[in-house]
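Raw model.cif, mmCIF, C-alpha atoms (C1' of nucleotides):
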data_run
#
loop_
_atom_site.label_atom_id
_atom_site.label_comp_id
_atom_site.auth_asym_id
_atom_site.auth_seq_id
_atom_site.Cartn_x
_atom_site.Cartn_y
_atom_site.Cartn_z
CA GLU A 18 2.80 -82.39 21.22
CA TYR A 19 2.28 -81.71 17.55
CA SER A 20 -1.38 -80.93 17.94
CA TRP A 21 -0.73 -78.68 20.93
CA ASN A 22 1.72 -76.67 18.86
CA SER A 23 -0.74 -76.50 15.98
CA LEU A 24 -3.40 -75.22 18.31
CA LEU A 25 -1.00 -72.64 19.67
CA ILE A 26 0.00 -71.44 16.20
CA GLY A 27 -3.63 -71.33 15.16
CA TYR A 28 -4.52 -68.94 17.98
CA LEU A 29 -1.46 -66.82 17.33
CA LYS A 30 -2.18 -66.47 13.65
CA ASN A 31 -5.75 -65.50 14.44
CA HIS A 32 -4.47 -62.82 16.76
CA GLU A 33 -5.99 -64.40 19.81
CA PRO A 34 -3.07 -63.96 22.21
CA LYS A 35 -5.11 -64.66 25.32
CA ASN A 36 -6.10 -68.11 24.12
CA ALA A 37 -2.59 -68.76 22.90
CA PHE A 38 -1.10 -67.80 26.24
CA ALA A 39 -3.57 -70.09 27.98
CA VAL A 40 -2.57 -73.00 25.77
CA HIS A 41 1.07 -72.21 26.37
CA LYS A 42 0.52 -72.18 30.11
CA ARG A 43 -1.08 -75.60 30.01
CA MET A 44 1.83 -76.93 27.98
CA GLU A 45 4.23 -75.54 30.55
CA ASP A 46 2.22 -76.95 33.44
CA LEU A 47 2.15 -80.39 31.90
CA GLY A 48 5.89 -80.03 31.57
CA THR A 49 6.29 -82.90 29.18
CA MET A 50 6.47 -81.18 25.84
CA ASN A 51 8.36 -78.57 23.93
CA VAL A 52 6.93 -75.54 22.25
CA SER A 53 8.13 -75.63 18.67
CA ASP A 54 10.47 -72.89 17.55
CA PRO A 55 8.01 -71.29 15.11
CA ALA A 56 5.38 -71.25 17.84
CA PHE A 57 7.85 -69.67 20.20
CA VAL A 58 8.57 -66.92 17.69
CA LEU A 59 4.89 -66.22 17.32
CA LEU A 60 4.44 -66.14 21.09
CA LEU A 61 7.14 -63.48 21.33
CA LYS A 62 5.49 -61.44 18.60
CA ALA A 63 2.17 -61.67 20.40
CA CYS A 64 3.77 -60.32 23.58
CA ALA A 65 5.19 -57.40 21.64
CA GLU A 66 1.87 -56.59 20.00
CA ASP A 67 -0.02 -57.02 23.24
CA TYR A 68 2.55 -55.05 25.18
CA ASP A 69 2.61 -57.95 27.64
CA PHE A 70 5.82 -57.38 29.60
CA GLY A 71 5.18 -60.17 32.09
CA LYS A 72 4.67 -62.85 29.47
CA GLY A 73 7.64 -61.47 27.55
CA TYR A 74 9.96 -61.85 30.52
CA GLU A 75 8.59 -65.31 31.18
CA LEU A 76 9.36 -66.37 27.62
CA HIS A 77 12.81 -64.87 27.90
CA ASN A 78 13.46 -66.95 31.03
CA ILE A 79 12.25 -70.11 29.38
CA SER A 80 14.40 -69.50 26.34
CA THR A 81 17.44 -68.82 28.50
CA ARG A 82 16.87 -72.10 30.29
CA LEU A 83 16.68 -73.95 26.98
CA GLY A 84 19.42 -71.97 25.27
CA LEU A 85 17.03 -70.89 22.51
CA VAL A 86 18.37 -67.40 21.99
CA GLU A 87 21.81 -68.73 21.27
CA SER A 88 20.73 -71.56 19.08
CA ASN A 89 18.01 -69.95 17.00
CA VAL A 90 18.49 -66.61 15.27
CA PHE A 91 14.76 -66.34 14.53
CA ILE A 92 13.98 -66.42 18.23
CA GLY A 93 16.80 -64.03 19.03
CA SER A 94 15.71 -61.51 16.40
CA THR A 95 12.11 -61.64 17.47
CA MET A 96 13.11 -61.10 21.07
CA ILE A 97 15.23 -58.08 20.12
CA ASP A 98 12.20 -56.69 18.36
CA MET A 99 9.95 -57.43 21.32
CA TYR A 100 12.17 -55.60 23.80
CA SER A 101 12.57 -52.71 21.43
CA LYS A 102 8.79 -52.44 21.13
CA PHE A 103 8.64 -52.45 24.92
CA GLY A 104 11.04 -49.50 24.83
CA LEU A 105 13.71 -51.56 26.59
CA LEU A 106 16.67 -51.02 24.32
CA MET A 107 19.23 -52.17 26.86
CA GLU A 108 17.47 -55.50 27.09
CA ALA A 109 17.28 -55.70 23.32
CA LYS A 110 20.99 -55.12 23.10
CA GLN A 111 21.67 -57.77 25.76
CA VAL A 112 19.71 -60.30 23.75
CA PHE A 113 21.67 -59.33 20.66
CA ILE A 114 24.96 -59.82 22.51
CA SER A 115 23.89 -63.18 23.87
CA MET A 116 23.24 -64.57 20.41
CA SER A 117 25.92 -66.82 19.02
CA ALA A 118 25.51 -65.62 15.45
CA HIS A 119 23.98 -62.55 13.86
CA ASP A 120 22.37 -62.37 10.48
CA VAL A 121 21.05 -59.39 8.56
CA VAL A 122 17.66 -59.61 10.25
CA SER A 123 19.00 -59.61 13.81
CA TRP A 124 21.24 -56.65 12.99
CA THR A 125 18.36 -54.83 11.35
CA ALA A 126 16.06 -55.54 14.27
CA LEU A 127 18.51 -53.84 16.60
CA ILE A 128 19.06 -50.91 14.24
CA ALA A 129 15.31 -50.53 13.82
CA GLY A 130 14.96 -50.40 17.59
CA TYR A 131 17.45 -47.59 17.85
CA VAL A 132 15.76 -45.72 15.04
CA GLU A 133 12.32 -46.19 16.52
CA HIS A 134 13.50 -44.60 19.74
CA LYS A 135 15.35 -41.79 18.03
CA CYS A 136 18.81 -43.05 18.95
CA TRP A 137 20.12 -42.03 15.55
CA MET A 138 23.80 -42.21 16.34
CA GLU A 139 23.55 -45.63 17.92
CA ALA A 140 21.70 -46.80 14.84
CA LEU A 141 24.41 -45.52 12.54
CA ASP A 142 27.17 -47.00 14.71
CA CYS A 143 25.39 -50.30 14.71
CA PHE A 144 25.13 -50.21 10.93
CA GLN A 145 28.83 -49.57 10.68
CA LYS A 146 29.63 -52.49 12.98
CA MET A 147 27.40 -54.69 10.92
CA GLN A 148 29.32 -53.87 7.80
CA GLN A 149 32.62 -54.40 9.60
CA GLU A 150 31.40 -57.88 10.39
CA CYS A 151 30.76 -58.35 6.69
CA VAL A 152 27.00 -58.81 6.95
CA SER A 153 25.40 -57.33 3.86
CA PRO A 154 22.50 -54.93 4.41
CA ASN A 155 19.22 -55.58 2.68
CA GLY A 156 16.32 -53.30 1.81
CA ALA A 157 14.96 -53.17 5.34
CA THR A 158 18.38 -52.26 6.70
CA TYR A 159 18.86 -49.41 4.24
CA ALA A 160 15.38 -48.11 4.93
CA CYS A 161 16.10 -47.92 8.67
CA VAL A 162 19.48 -46.32 8.31
CA LEU A 163 18.19 -43.79 5.79
CA ARG A 164 15.51 -42.81 8.26
CA ALA A 165 18.27 -42.07 10.77
CA CYS A 166 20.19 -39.98 8.23
CA CYS A 167 17.04 -38.12 7.36
CA SER A 168 16.30 -37.30 10.96
CA ILE A 169 19.68 -35.80 11.62
CA ARG A 170 19.66 -34.20 8.16
CA ASP A 171 22.87 -35.93 7.21
CA ILE A 172 22.35 -35.65 3.50
CA THR A 173 25.96 -36.55 2.73
CA ARG A 174 25.63 -39.88 4.45
CA GLY A 175 22.24 -40.33 2.84
CA ARG A 176 23.65 -39.81 -0.63
CA GLU A 177 26.41 -42.31 0.09
CA LEU A 178 23.82 -44.87 1.12
CA HIS A 179 21.80 -44.05 -1.97
CA ALA A 180 24.85 -44.73 -4.16
CA GLU A 181 25.72 -47.84 -2.23
CA ALA A 182 22.27 -49.37 -2.54
CA GLY A 183 22.33 -48.43 -6.20
CA ARG A 184 25.61 -50.27 -6.72
CA TRP A 185 24.03 -53.40 -5.27
CA GLY A 186 21.16 -52.94 -7.68
CA MET A 187 18.69 -52.76 -4.83
CA LEU A 188 16.87 -49.55 -5.65
CA GLU A 189 14.49 -50.81 -8.27
CA SER A 190 13.30 -53.83 -6.40
CA HIS A 191 13.03 -52.45 -2.87
CA SER A 192 10.39 -49.80 -2.65
CA SER A 193 11.15 -49.33 1.04
CA ILE A 194 14.56 -47.93 0.15
CA GLY A 195 12.99 -45.71 -2.48
CA SER A 196 10.40 -44.36 -0.07
CA ALA A 197 13.02 -43.64 2.56
CA LEU A 198 15.12 -41.81 -0.03
CA ILE A 199 12.20 -39.79 -1.35
CA ASP A 200 11.28 -38.83 2.19
CA MET A 201 14.84 -37.84 3.02
CA TYR A 202 15.30 -35.70 -0.08
CA MET A 203 11.92 -34.07 0.42
CA LYS A 204 12.62 -33.22 4.06
CA CYS A 205 15.92 -31.71 2.98
CA GLY A 206 14.15 -29.63 0.35
CA LEU A 207 15.76 -31.46 -2.57
CA LEU A 208 12.59 -31.90 -4.57
CA ASN A 209 14.27 -32.83 -7.81
CA CYS A 210 16.29 -35.59 -6.20
CA ALA A 211 13.13 -36.96 -4.63
CA GLN A 212 11.24 -36.88 -7.90
CA GLU A 213 14.16 -38.55 -9.66
CA VAL A 214 14.12 -41.44 -7.21
CA PHE A 215 10.37 -41.79 -7.59
CA ASP A 216 10.62 -41.85 -11.37
CA SER A 217 13.36 -44.45 -11.24
CA LEU A 218 11.35 -46.95 -9.22
CA ILE A 219 9.92 -49.76 -11.29
CA SER A 220 6.69 -49.98 -9.40
CA ASN A 221 5.49 -47.39 -6.96
CA ASP A 222 3.30 -48.52 -4.13
CA VAL A 223 0.99 -46.47 -1.97
CA VAL A 224 3.80 -45.55 0.41
CA SER A 225 6.20 -44.20 -2.19
CA TRP A 226 3.34 -42.23 -3.75
CA THR A 227 2.26 -40.85 -0.41
CA VAL A 228 5.78 -39.89 0.65
CA LEU A 229 6.23 -38.02 -2.60
CA ILE A 230 2.90 -36.26 -2.26
CA SER A 231 3.48 -35.36 1.40
CA GLY A 232 6.85 -33.98 0.42
CA TYR A 233 5.32 -31.61 -2.08
CA VAL A 234 2.77 -30.51 0.49
CA GLU A 235 5.43 -29.86 3.12
CA ASN A 236 7.36 -27.81 0.62
CA GLY A 237 4.32 -25.75 -0.27
CA PHE A 238 3.41 -27.25 -3.63
CA ASP A 239 -0.24 -27.95 -2.98
CA TYR A 240 -1.37 -28.03 -6.57
CA LYS A 241 1.41 -30.39 -7.55
CA ALA A 242 0.36 -32.66 -4.69
CA LEU A 243 -3.26 -32.57 -5.74
CA HIS A 244 -2.31 -33.43 -9.27
CA LEU A 245 -0.26 -36.39 -8.05
CA ILE A 246 -3.11 -37.68 -5.94
CA GLU A 247 -5.25 -37.80 -9.04
CA GLN A 248 -2.48 -39.44 -11.00
CA MET A 249 -2.05 -42.06 -8.33
CA GLN A 250 -5.71 -42.92 -8.50
CA ALA A 251 -5.56 -43.04 -12.26
CA GLU A 252 -2.81 -45.63 -11.99
CA GLY A 253 -5.01 -47.77 -9.80
CA VAL A 254 -3.10 -47.37 -6.54
CA PHE A 255 -5.49 -47.26 -3.61
CA TYR A 256 -5.41 -44.68 -0.86
CA ASN A 257 -4.48 -45.53 2.62
CA ALA A 258 -5.05 -43.46 5.74
CA PHE A 259 -1.86 -41.46 5.25
CA THR A 260 -2.81 -40.56 1.71
CA VAL A 261 -6.19 -39.33 2.83
CA VAL A 262 -4.73 -37.28 5.63
CA CYS A 263 -2.29 -35.75 3.21
CA GLY A 264 -4.98 -35.04 0.64
CA LEU A 265 -7.18 -33.42 3.26
CA ARG A 266 -4.33 -31.19 4.28
CA VAL A 267 -3.98 -29.98 0.70
CA CYS A 268 -7.68 -29.33 0.29
CA CYS A 269 -7.64 -27.55 3.59
CA ASN A 270 -4.77 -25.30 2.54
CA LEU A 271 -6.49 -24.50 -0.73
CA LEU A 272 -9.98 -24.35 0.81
CA PHE A 273 -11.28 -26.78 -1.78
CA ARG A 274 -14.57 -27.62 -0.12
CA ASN A 275 -15.80 -30.02 -2.77
CA LYS A 276 -12.59 -31.93 -2.77
CA VAL A 277 -12.77 -32.38 1.00
CA GLN A 278 -16.19 -33.94 0.64
CA GLN A 279 -14.99 -36.10 -2.20
CA LEU A 280 -12.08 -37.39 -0.11
CA HIS A 281 -14.46 -37.99 2.75
CA MET A 282 -16.64 -40.16 0.55
CA GLU A 283 -13.71 -42.11 -0.81
CA ALA A 284 -12.21 -42.63 2.62
CA GLU A 285 -15.50 -43.99 3.80
CA ARG A 286 -15.87 -46.22 0.78
CA GLN A 287 -12.43 -47.70 1.38
CA GLY A 288 -13.12 -48.21 5.05
CA LEU A 289 -10.38 -45.82 6.11
CA PHE A 290 -12.64 -43.63 8.10
CA GLU A 291 -14.44 -45.72 10.65
CA ASP A 292 -11.49 -47.17 12.50
CA ASN A 293 -9.03 -44.33 12.25
CA PRO A 294 -9.15 -41.37 14.64
CA LEU A 295 -6.43 -39.60 12.70
CA VAL A 296 -8.45 -39.60 9.50
CA CYS A 297 -11.55 -38.51 11.37
CA GLY A 298 -9.74 -35.73 13.19
CA THR A 299 -8.10 -34.41 10.05
CA LEU A 300 -11.40 -34.53 8.25
CA MET A 301 -13.21 -32.62 10.98
CA ASN A 302 -10.44 -30.08 11.02
CA ALA A 303 -10.64 -29.66 7.25
CA TYR A 304 -14.40 -29.12 7.42
CA ALA A 305 -13.93 -26.59 10.18
CA LYS A 306 -11.39 -24.64 8.16
CA CYS A 307 -13.74 -24.68 5.19
CA GLY A 308 -16.58 -23.37 7.33
CA LEU A 309 -18.59 -26.57 6.90
CA MET A 310 -19.25 -27.38 10.54
CA ASP A 311 -22.43 -29.28 9.83
CA LYS A 312 -20.42 -31.72 7.74
CA GLY A 313 -17.78 -31.93 10.44
CA ARG A 314 -20.49 -32.71 12.92
CA GLN A 315 -21.82 -35.48 10.70
CA ALA A 316 -18.39 -37.04 10.56
CA PHE A 317 -18.17 -36.84 14.32
CA ASP A 318 -21.56 -38.42 14.78
CA LYS A 319 -20.70 -41.31 12.50
CA PHE A 320 -17.37 -42.00 14.11
CA PRO A 321 -17.62 -44.90 16.56
CA VAL A 322 -14.90 -43.84 18.98
CA ARG A 323 -15.15 -41.01 21.50
CA ASN A 324 -11.99 -39.71 23.07
CA SER A 325 -10.89 -36.32 24.23
CA ASN A 326 -8.94 -35.71 21.04
CA ILE A 327 -11.96 -36.18 18.84
CA TRP A 328 -14.10 -34.05 21.12
CA THR A 329 -11.47 -31.33 21.21
CA THR A 330 -11.19 -31.24 17.45
CA LEU A 331 -14.93 -30.81 17.12
CA ILE A 332 -15.11 -28.12 19.77
CA LEU A 333 -12.16 -26.23 18.35
CA GLY A 334 -13.90 -26.32 15.00
CA TYR A 335 -16.98 -24.62 16.41
CA ALA A 336 -14.78 -22.13 18.22
CA GLU A 337 -12.91 -21.24 15.05
CA ASN A 338 -16.20 -20.62 13.35
CA GLY A 339 -17.36 -18.37 16.16
CA LEU A 340 -20.16 -20.70 17.22
CA PHE A 341 -19.69 -20.27 20.94
CA GLU A 342 -23.05 -21.56 22.06
CA GLU A 343 -22.25 -24.88 20.44
CA VAL A 344 -18.90 -24.87 22.19
CA CYS A 345 -20.54 -24.56 25.61
CA ASP A 346 -23.15 -27.18 24.79
CA LEU A 347 -20.53 -29.61 23.65
CA LEU A 348 -18.31 -29.09 26.65
CA ASN A 349 -21.23 -30.06 28.86
CA HIS A 350 -22.19 -32.92 26.62
CA MET A 351 -18.64 -34.20 26.64
CA GLU A 352 -18.53 -34.33 30.41
CA LEU A 353 -21.90 -36.02 30.55
CA GLU A 354 -20.46 -38.76 28.38
CA GLY A 355 -17.63 -39.16 30.84
CA CYS A 356 -14.90 -37.42 28.90
CA SER A 357 -13.11 -34.66 30.73
CA PRO A 358 -11.71 -31.70 28.81
CA ASP A 359 -7.98 -31.13 28.91
"C1'" C B 5 5.17 -68.16 3.41
"C1'" G B 6 8.04 -68.93 12.14
"C1'" G B 7 11.97 -63.19 12.65
"C1'" A B 8 13.54 -57.27 10.99
"C1'" A B 9 11.96 -52.63 7.12
"C1'" G B 10 9.88 -47.10 4.39
"C1'" A B 11 5.49 -42.02 4.81
"C1'" C B 12 2.72 -39.81 11.13
"C1'" A B 13 -2.23 -34.97 10.83
"C1'" G B 14 -4.43 -30.69 13.35
"C1'" C B 15 -4.05 -26.90 17.63
"C1'" C B 16 -0.18 -24.47 20.61
"C1'" U B 17 4.73 -23.05 21.93
#

Starting from the file, give its structure as structure tokens.
Amino acid sequence: EYSWNSLLIGYLKNHEPKNAFAVHKRMEDLGTMNVSDPAFVLLLKACAEDYDFGKGYELHNISTRLGLVESNVFIGSTMIDMYSKFGLLMEAKQVFISMSAHDVVSWTALIAGYVEHKCWMEALDCFQKMQQECVSPNGATYACVLRACCSIRDITRGRELHAEAGRWGMLESHSSIGSALIDMYMKCGLLNCAQEVFDSLISNDVVSWTVLISGYVENGFDYKALHLIEQMQAEGVFYNAFTVVCGLRVCCNLLFRNKVQQLHMEAERQGLFEDNPLVCGTLMNAYAKCGLMDKGRQAFDKFPVRNSNIWTTLILGYAENGLFEEVCDLLNHMELEGCSPD
RNA sequence: CGGAAGACAGCCU
């Protein structure tokens, strides 16, 4: 039994859900052993990531039979998360209700589900109920709830949460709260508040940097954003895909051709380019706006994935630059490669 | 370290 569970966990940690499911099936068929709780949690996560509804339901049935949801809050929380990732919020809520005890993670999983599906009011209600039941929020909880406040532009509520988290002394140590706050203030046009939060964080990670920078871009401060990107690099924080996309947007607004190419090179060096259609699309768009279609074409050629989005971006680029012959060629080419225009 | 968490581009309307 022990070695079967180890094998199962091994596959799950290696992100080989198919093998894991096969092992699990054999264990079920043999019918003589129990899947360990940690393995069960990982199985549920694998279903969520794989979007495997059938296996998810099967696991739910098994756990009902064994009373696992009631007895183990890890399993319950993971199942809430799985259903929420499936988009089945009613199911997620049912699981939550069927649990015998709720901790901060199970509450937060449900709140996160509501937030993810834009049920802002439900999320806020849920948060209130959680506090009524005297479960203390943690950084993840605040981050979720702040996202809800931000989306409905409830800055009053957001400020209250800001103060509350501050009273608990959670701001410095939880960058997720900081990032959510910066984002909220930026989206509400309160640039100074956002900057204040950023400056108050003990260590800023790539997300808090990127949120701040995006905020300046959204509010029209392209030069400020560009300056911050350089500062971020100087402090040794590495780009991620969001940062690159944001930087490209700035360069595009300012028509800084050299900077676009520089970002392109850095994105490639950090491996952000090859597996990310968003980065590639933004890059091609930036080149198009800068009138550098040959560079855009090079990016396209290097990119391993072909989908209609990528094709469309390229074709639009040629169209914007008045290169209509290329547009026609590419439309044909695209269909030859089995991609139909939309 | 068996569970939850923060930023989501371009085009068009």

Taking only C-alpha atoms (C1' of nucleotides) into account, find every residue of chain A that has an atom no more than 6 Å from chain B, and write it out as a PDB file with C-alpha atoms, keeping the file's coordinate frame.
ATOM      1  CA  PRO A  55       8.010 -71.290  15.110  1.00  0.00           C
ATOM      2  CA  VAL A  58       8.570 -66.920  17.690  1.00  0.00           C
ATOM      3  CA  PHE A  91      14.760 -66.340  14.530  1.00  0.00           C
ATOM      4  CA  SER A  94      15.710 -61.510  16.400  1.00  0.00           C
ATOM      5  CA  THR A  95      12.110 -61.640  17.470  1.00  0.00           C
ATOM      6  CA  VAL A 122      17.660 -59.610  10.250  1.00  0.00           C
ATOM      7  CA  THR A 125      18.360 -54.830  11.350  1.00  0.00           C
ATOM      8  CA  ALA A 126      16.060 -55.540  14.270  1.00  0.00           C
ATOM      9  CA  ALA A 157      14.960 -53.170   5.340  1.00  0.00           C
ATOM     10  CA  ALA A 160      15.380 -48.110   4.930  1.00  0.00           C
ATOM     11  CA  SER A 193      11.150 -49.330   1.040  1.00  0.00           C
ATOM     12  CA  SER A 196      10.400 -44.360  -0.070  1.00  0.00           C
ATOM     13  CA  ALA A 197      13.020 -43.640   2.560  1.00  0.00           C
ATOM     14  CA  VAL A 224       3.800 -45.550   0.410  1.00  0.00           C
ATOM     15  CA  VAL A 228       5.780 -39.890   0.650  1.00  0.00           C
ATOM     16  CA  THR A 299      -8.100 -34.410  10.050  1.00  0.00           C
TER      17      THR A 299
END

Worksheet entry | Surrounding residues of region 242-259 of chain A excluding itself and chain neighbours under 3 positions, 12 Å, only C-alpha atoms (C1' of nucleotides), as number ranges by chain | A: 212, 215, 220-239, 262-271, 273, 276-277, 280-281, 283-300; B: 11-13

Atoms kept (C-alpha atoms (C1' of nucleotides)) for selection, written as a CSV table (one decimal), in the frame of the given file:
chain,number,residue,atom,x,y,z
A,212,GLN,CA,11.2,-36.9,-7.9
A,215,PHE,CA,10.4,-41.8,-7.6
A,220,SER,CA,6.7,-50.0,-9.4
A,221,ASN,CA,5.5,-47.4,-7.0
A,222,ASP,CA,3.3,-48.5,-4.1
A,223,VAL,CA,1.0,-46.5,-2.0
A,224,VAL,CA,3.8,-45.6,0.4
A,225,SER,CA,6.2,-44.2,-2.2
A,226,TRP,CA,3.3,-42.2,-3.8
A,227,THR,CA,2.3,-40.8,-0.4
A,228,VAL,CA,5.8,-39.9,0.6
A,229,LEU,CA,6.2,-38.0,-2.6
A,230,ILE,CA,2.9,-36.3,-2.3
A,231,SER,CA,3.5,-35.4,1.4
A,232,GLY,CA,6.8,-34.0,0.4
A,233,TYR,CA,5.3,-31.6,-2.1
A,234,VAL,CA,2.8,-30.5,0.5
A,235,GLU,CA,5.4,-29.9,3.1
A,236,ASN,CA,7.4,-27.8,0.6
A,237,GLY,CA,4.3,-25.8,-0.3
A,238,PHE,CA,3.4,-27.2,-3.6
A,239,ASP,CA,-0.2,-28.0,-3.0
A,262,VAL,CA,-4.7,-37.3,5.6
A,263,CYS,CA,-2.3,-35.8,3.2
A,264,GLY,CA,-5.0,-35.0,0.6
A,265,LEU,CA,-7.2,-33.4,3.3
A,266,ARG,CA,-4.3,-31.2,4.3
A,267,VAL,CA,-4.0,-30.0,0.7
A,268,CYS,CA,-7.7,-29.3,0.3
A,269,CYS,CA,-7.6,-27.6,3.6
A,270,ASN,CA,-4.8,-25.3,2.5
A,271,LEU,CA,-6.5,-24.5,-0.7
A,273,PHE,CA,-11.3,-26.8,-1.8
A,276,LYS,CA,-12.6,-31.9,-2.8
A,277,VAL,CA,-12.8,-32.4,1.0
A,280,LEU,CA,-12.1,-37.4,-0.1
A,281,HIS,CA,-14.5,-38.0,2.8
A,283,GLU,CA,-13.7,-42.1,-0.8
A,284,ALA,CA,-12.2,-42.6,2.6
A,285,GLU,CA,-15.5,-44.0,3.8
A,286,ARG,CA,-15.9,-46.2,0.8
A,287,GLN,CA,-12.4,-47.7,1.4
A,288,GLY,CA,-13.1,-48.2,5.0
A,289,LEU,CA,-10.4,-45.8,6.1
A,290,PHE,CA,-12.6,-43.6,8.1
A,291,GLU,CA,-14.4,-45.7,10.6
A,292,ASP,CA,-11.5,-47.2,12.5
A,293,ASN,CA,-9.0,-44.3,12.2
A,294,PRO,CA,-9.2,-41.4,14.6
A,295,LEU,CA,-6.4,-39.6,12.7
A,296,VAL,CA,-8.4,-39.6,9.5
A,297,CYS,CA,-11.6,-38.5,11.4
A,298,GLY,CA,-9.7,-35.7,13.2
A,299,THR,CA,-8.1,-34.4,10.0
A,300,LEU,CA,-11.4,-34.5,8.2
B,11,A,C1',5.5,-42.0,4.8
B,12,C,C1',2.7,-39.8,11.1
B,13,A,C1',-2.2,-35.0,10.8

Fill in: Between CA of Ile128 (chain A) and CA of Gln148 (chain A) - distance in Å to one decimal
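Taking CA of Gln148 (chain A) as the start and CA of Ile128 (chain A) as the end point, the length is 12.5 Å.
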
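Going from CA of Met201 (chain A) to CA of Cys167 (chain A) covers 4.9 Å.
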
Practice prompt. To one decimal in Å, tell me the separation between CA of Gln278 (chain A) and CA of Lys306 (chain A).
Written response: 12.9 Å

Practice prompt. Quick one: apply the PyMOL selection byres ((chain A and resi 329) around 10) to the file and drop the selected residues here as a PyMOL selection string.
Written response: (chain A and resi 298+324-328+330-335+344+347-348+351+358-359) or (chain B and resi 15)

Worksheet item: Do you know which residues are at most 9 Å from Trp21 (chain A) counting all atoms listed in the file, after dropping those on the same chain fewer than 5 positions away, and could you put them as a PyMOL selection string?
Response: chain A and resi 26+40-41+44+52

Box for region 109-117 of chain A: with edges along x, y and z, all listed atoms inside and 3 Å added on each side, what are the centre and edge lengths in Å to one decimal, as JSON?
{"center_x": 21.6, "center_y": -61.0, "center_z": 22.4, "size_x": 14.6, "size_y": 17.7, "size_z": 12.7}

Which protein, DNA or RNA residues are at most 10 Å from (1.3, -56.4, 20.0) in the file's coordinates when you count only C-alpha atoms (C1' of nucleotides), listed as a PDB file with C-alpha atoms, in the coordinates of the input?
ATOM      1  CA  HIS A  32      -4.470 -62.820  16.760  1.00  0.00           C
ATOM      2  CA  PRO A  34      -3.070 -63.960  22.210  1.00  0.00           C
ATOM      3  CA  LEU A  61       7.140 -63.480  21.330  1.00  0.00           C
ATOM      4  CA  LYS A  62       5.490 -61.440  18.600  1.00  0.00           C
ATOM      5  CA  ALA A  63       2.170 -61.670  20.400  1.00  0.00           C
ATOM      6  CA  CYS A  64       3.770 -60.320  23.580  1.00  0.00           C
ATOM      7  CA  ALA A  65       5.190 -57.400  21.640  1.00  0.00           C
ATOM      8  CA  GLU A  66       1.870 -56.590  20.000  1.00  0.00           C
ATOM      9  CA  ASP A  67      -0.020 -57.020  23.240  1.00  0.00           C
ATOM     10  CA  TYR A  68       2.550 -55.050  25.180  1.00  0.00           C
ATOM     11  CA  ASP A  69       2.610 -57.950  27.640  1.00  0.00           C
ATOM     12  CA  MET A  99       9.950 -57.430  21.320  1.00  0.00           C
ATOM     13  CA  LYS A 102       8.790 -52.440  21.130  1.00  0.00           C
ATOM     14  CA  PHE A 103       8.640 -52.450  24.920  1.00  0.00           C
TER      15      PHE A 103
END

Item to complete: Quick one: everything within 12 Å of Asp142 (chain A), counting all atoms listed in the file, minus sequence neighbours fewer than 3 positions away in the same chain. Send it as a ChimeraX atom specification.
Response: /A:124,127-128,131-132,136-139,145-149,162,165-166

Give me, as an mmCIF file with C-alpha atoms, in the frame of the given file, all polymer residues having an atom no more than 10 Å from Arg176 (chain A), counting all atoms listed in the file and skipping those fewer than 5 positions away in the same chain.
data_model
loop_
_atom_site.group_PDB
_atom_site.id
_atom_site.type_symbol
_atom_site.label_atom_id
_atom_site.label_comp_id
_atom_site.auth_asym_id
_atom_site.auth_seq_id
_atom_site.Cartn_x
_atom_site.Cartn_y
_atom_site.Cartn_z
ATOM 1 C CA LEU A 163 18.190 -43.790 5.790
ATOM 2 C CA CYS A 166 20.190 -39.980 8.230
ATOM 3 C CA ASP A 171 22.870 -35.930 7.210
ATOM 4 C CA GLU A 181 25.720 -47.840 -2.230
ATOM 5 C CA ALA A 182 22.270 -49.370 -2.540
ATOM 6 C CA LEU A 198 15.120 -41.810 -0.030
ATOM 7 C CA MET A 201 14.840 -37.840 3.020
ATOM 8 C CA TYR A 202 15.300 -35.700 -0.080
#
